[in-house]
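A.B. asks: After the structure tokens below, expect a handful of questions from me.
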Amino acid sequence: MHIVDPTSGIASSETVAVAVSEGSRAGALCGLSNSKPGAHDLLEAVGRRLADDHGIGPNGLEAKPSAAVGADPELLDHLAAQYRLAVVAIGD
């Protein structure tokens, strides 16, 4: 699984191509919200951009229970097992 940090820019075409080429488009991309205000909206916008630019959109949206704590290892394991690419929202 590749984790793309939105603060460092949009996923490169190469990163997205690798994620898609590893299997079918189903399950290729998920969003991980840090549960801050606006994170869900940010993930939806990034998902739309990836769908428009690369033909893949988010197949799932997951969230940490709180912005004050890190993601549980179980959540990260679940994401790694289900998806090939994750976009993590850290914005307010």
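Convention: chains lettered A, B, ... in structure tokens order; per-chain residue numbering from 1; ligands numbered from 1 as shown.
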Ala89 (chain A): which residues within 8 Å, counting only C-alpha atoms, same-chain residues fewer than 4 positions away excluded, as a list of chain:residue names?
C.D. replies: A:Asp5, A:Pro6, A:Gly31, A:Leu32, A:Ser33, A:Asn34, A:Ala39, A:His40, A:Leu42, A:Leu43
A.B. asks: Store the residues of this selection in a file with N, CA and C atoms, as a short mmCIF file (atom, residue, chain, number, x, y, z; two decimals), in the first residue's frame.
C.D. replies:
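What ended up in out-v8.cif:
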data_model
loop_
_atom_site.label_atom_id
_atom_site.label_comp_id
_atom_site.auth_asym_id
_atom_site.auth_seq_id
_atom_site.Cartn_x
_atom_site.Cartn_y
_atom_site.Cartn_z
N ASP A 5 0.70 11.67 1.18
CA ASP A 5 0.49 12.78 2.10
C ASP A 5 0.06 14.00 1.30
N PRO A 6 -1.18 14.49 1.49
CA PRO A 6 -1.64 15.62 0.67
C PRO A 6 -0.83 16.89 0.87
N GLY A 31 -9.69 6.60 1.34
CA GLY A 31 -9.34 7.82 2.05
C GLY A 31 -9.30 7.52 3.53
N LEU A 32 -8.35 8.10 4.23
CA LEU A 32 -8.26 7.95 5.68
C LEU A 32 -8.33 9.32 6.31
N SER A 33 -9.42 9.57 7.01
CA SER A 33 -9.64 10.84 7.67
C SER A 33 -9.03 10.84 9.07
N ASN A 34 -8.45 11.97 9.44
CA ASN A 34 -7.94 12.11 10.80
C ASN A 34 -9.02 12.63 11.74
N ALA A 39 -11.82 17.30 7.03
CA ALA A 39 -11.04 16.19 6.47
C ALA A 39 -11.85 15.38 5.47
N HIS A 40 -13.11 15.12 5.80
CA HIS A 40 -13.97 14.35 4.90
C HIS A 40 -14.12 15.08 3.56
N LEU A 42 -12.07 17.28 2.27
CA LEU A 42 -10.78 17.24 1.58
C LEU A 42 -10.59 15.91 0.86
N LEU A 43 -10.91 14.81 1.54
CA LEU A 43 -10.77 13.49 0.92
C LEU A 43 -11.69 13.33 -0.27
#
A.B. asks: Interatomic distance between CA of Leu85 (chain A) and CA of Asn59 (chain A)?
C.D. replies: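 Going from CA of Leu85 (chain A) over to CA of Asn59 (chain A) covers 10.2 Å.
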A.B. asks: What's the 12 Å shell around Glu44 (chain A), counting only C-alpha atoms, without same-chain residues fewer than 6 positions away, as number ranges by chain?
C.D. replies: A: 29-33, 38, 50-51, 57-62, 87-89
A.B. asks: Based on the selection just made, write N, CA, C and O atoms of those residues as a PDB file, in the first residue's frame.
C.D. replies:
ATOM      1  N   LEU A  29      -8.250   2.387  -4.095  1.00  0.00           N
ATOM      2  CA  LEU A  29      -8.025   3.641  -3.384  1.00  0.00           C
ATOM      3  C   LEU A  29      -8.972   3.797  -2.204  1.00  0.00           C
ATOM      4  O   LEU A  29     -10.160   3.504  -2.312  1.00  0.00           O
ATOM      5  N   CYS A  30      -8.443   4.286  -1.100  1.00  0.00           N
ATOM      6  CA  CYS A  30      -9.287   4.649   0.029  1.00  0.00           C
ATOM      7  C   CYS A  30      -8.822   5.994   0.577  1.00  0.00           C
ATOM      8  O   CYS A  30      -7.725   6.441   0.300  1.00  0.00           O
ATOM      9  N   GLY A  31      -9.690   6.604   1.338  1.00  0.00           N
ATOM     10  CA  GLY A  31      -9.336   7.818   2.047  1.00  0.00           C
ATOM     11  C   GLY A  31      -9.305   7.516   3.533  1.00  0.00           C
ATOM     12  O   GLY A  31     -10.110   6.729   4.023  1.00  0.00           O
ATOM     13  N   LEU A  32      -8.348   8.103   4.231  1.00  0.00           N
ATOM     14  CA  LEU A  32      -8.256   7.948   5.681  1.00  0.00           C
ATOM     15  C   LEU A  32      -8.332   9.323   6.312  1.00  0.00           C
ATOM     16  O   LEU A  32      -7.436  10.146   6.155  1.00  0.00           O
ATOM     17  N   SER A  33      -9.415   9.570   7.011  1.00  0.00           N
ATOM     18  CA  SER A  33      -9.639  10.845   7.675  1.00  0.00           C
ATOM     19  C   SER A  33      -9.029  10.838   9.065  1.00  0.00           C
ATOM     20  O   SER A  33      -9.097   9.835   9.774  1.00  0.00           O
ATOM     21  N   GLY A  38     -13.410  19.198   8.265  1.00  0.00           N
ATOM     22  CA  GLY A  38     -13.007  19.415   6.885  1.00  0.00           C
ATOM     23  C   GLY A  38     -12.253  18.260   6.253  1.00  0.00           C
ATOM     24  O   GLY A  38     -12.060  18.245   5.037  1.00  0.00           O
ATOM     25  N   LEU A  50      -8.516  12.533  -8.382  1.00  0.00           N
ATOM     26  CA  LEU A  50      -7.885  11.296  -8.845  1.00  0.00           C
ATOM     27  C   LEU A  50      -8.769  10.561  -9.849  1.00  0.00           C
ATOM     28  O   LEU A  50      -8.273   9.977 -10.807  1.00  0.00           O
ATOM     29  N   ALA A  51     -10.075  10.601  -9.626  1.00  0.00           N
ATOM     30  CA  ALA A  51     -10.999   9.969 -10.579  1.00  0.00           C
ATOM     31  C   ALA A  51     -10.943  10.678 -11.926  1.00  0.00           C
ATOM     32  O   ALA A  51     -10.875  10.031 -12.973  1.00  0.00           O
ATOM     33  N   GLY A  57     -11.348   6.348  -8.409  1.00  0.00           N
ATOM     34  CA  GLY A  57     -11.905   7.154  -7.337  1.00  0.00           C
ATOM     35  C   GLY A  57     -11.868   6.364  -6.055  1.00  0.00           C
ATOM     36  O   GLY A  57     -11.548   5.178  -6.063  1.00  0.00           O
ATOM     37  N   PRO A  58     -12.192   7.009  -4.951  1.00  0.00           N
ATOM     38  CA  PRO A  58     -12.141   6.288  -3.683  1.00  0.00           C
ATOM     39  C   PRO A  58     -13.172   5.180  -3.627  1.00  0.00           C
ATOM     40  O   PRO A  58     -14.320   5.371  -3.978  1.00  0.00           O
ATOM     41  N   ASN A  59     -12.713   4.007  -3.206  1.00  0.00           N
ATOM     42  CA  ASN A  59     -13.601   2.875  -3.022  1.00  0.00           C
ATOM     43  C   ASN A  59     -14.025   2.754  -1.567  1.00  0.00           C
ATOM     44  O   ASN A  59     -14.835   1.913  -1.230  1.00  0.00           O
ATOM     45  N   GLY A  60     -13.464   3.560  -0.719  1.00  0.00           N
ATOM     46  CA  GLY A  60     -13.808   3.527   0.689  1.00  0.00           C
ATOM     47  C   GLY A  60     -13.297   4.768   1.390  1.00  0.00           C
ATOM     48  O   GLY A  60     -12.391   5.435   0.908  1.00  0.00           O
ATOM     49  N   LEU A  61     -13.930   5.084   2.493  1.00  0.00           N
ATOM     50  CA  LEU A  61     -13.505   6.204   3.315  1.00  0.00           C
ATOM     51  C   LEU A  61     -13.508   5.727   4.756  1.00  0.00           C
ATOM     52  O   LEU A  61     -14.541   5.309   5.272  1.00  0.00           O
ATOM     53  N   GLU A  62     -12.360   5.730   5.375  1.00  0.00           N
ATOM     54  CA  GLU A  62     -12.199   5.303   6.760  1.00  0.00           C
ATOM     55  C   GLU A  62     -11.799   6.514   7.588  1.00  0.00           C
ATOM     56  O   GLU A  62     -11.357   7.531   7.045  1.00  0.00           O
ATOM     57  N   VAL A  87      -5.125   7.822   0.666  1.00  0.00           N
ATOM     58  CA  VAL A  87      -4.886   9.253   0.788  1.00  0.00           C
ATOM     59  C   VAL A  87      -5.291   9.627   2.196  1.00  0.00           C
ATOM     60  O   VAL A  87      -6.398   9.323   2.646  1.00  0.00           O
ATOM     61  N   VAL A  88      -4.383  10.264   2.911  1.00  0.00           N
ATOM     62  CA  VAL A  88      -4.601  10.594   4.319  1.00  0.00           C
ATOM     63  C   VAL A  88      -4.878  12.079   4.450  1.00  0.00           C
ATOM     64  O   VAL A  88      -4.064  12.896   4.023  1.00  0.00           O
ATOM     65  N   ALA A  89      -6.039  12.442   5.007  1.00  0.00           N
ATOM     66  CA  ALA A  89      -6.385  13.847   5.208  1.00  0.00           C
ATOM     67  C   ALA A  89      -5.877  14.312   6.556  1.00  0.00           C
ATOM     68  O   ALA A  89      -6.145  13.693   7.578  1.00  0.00           O
TER      69      ALA A  89
END
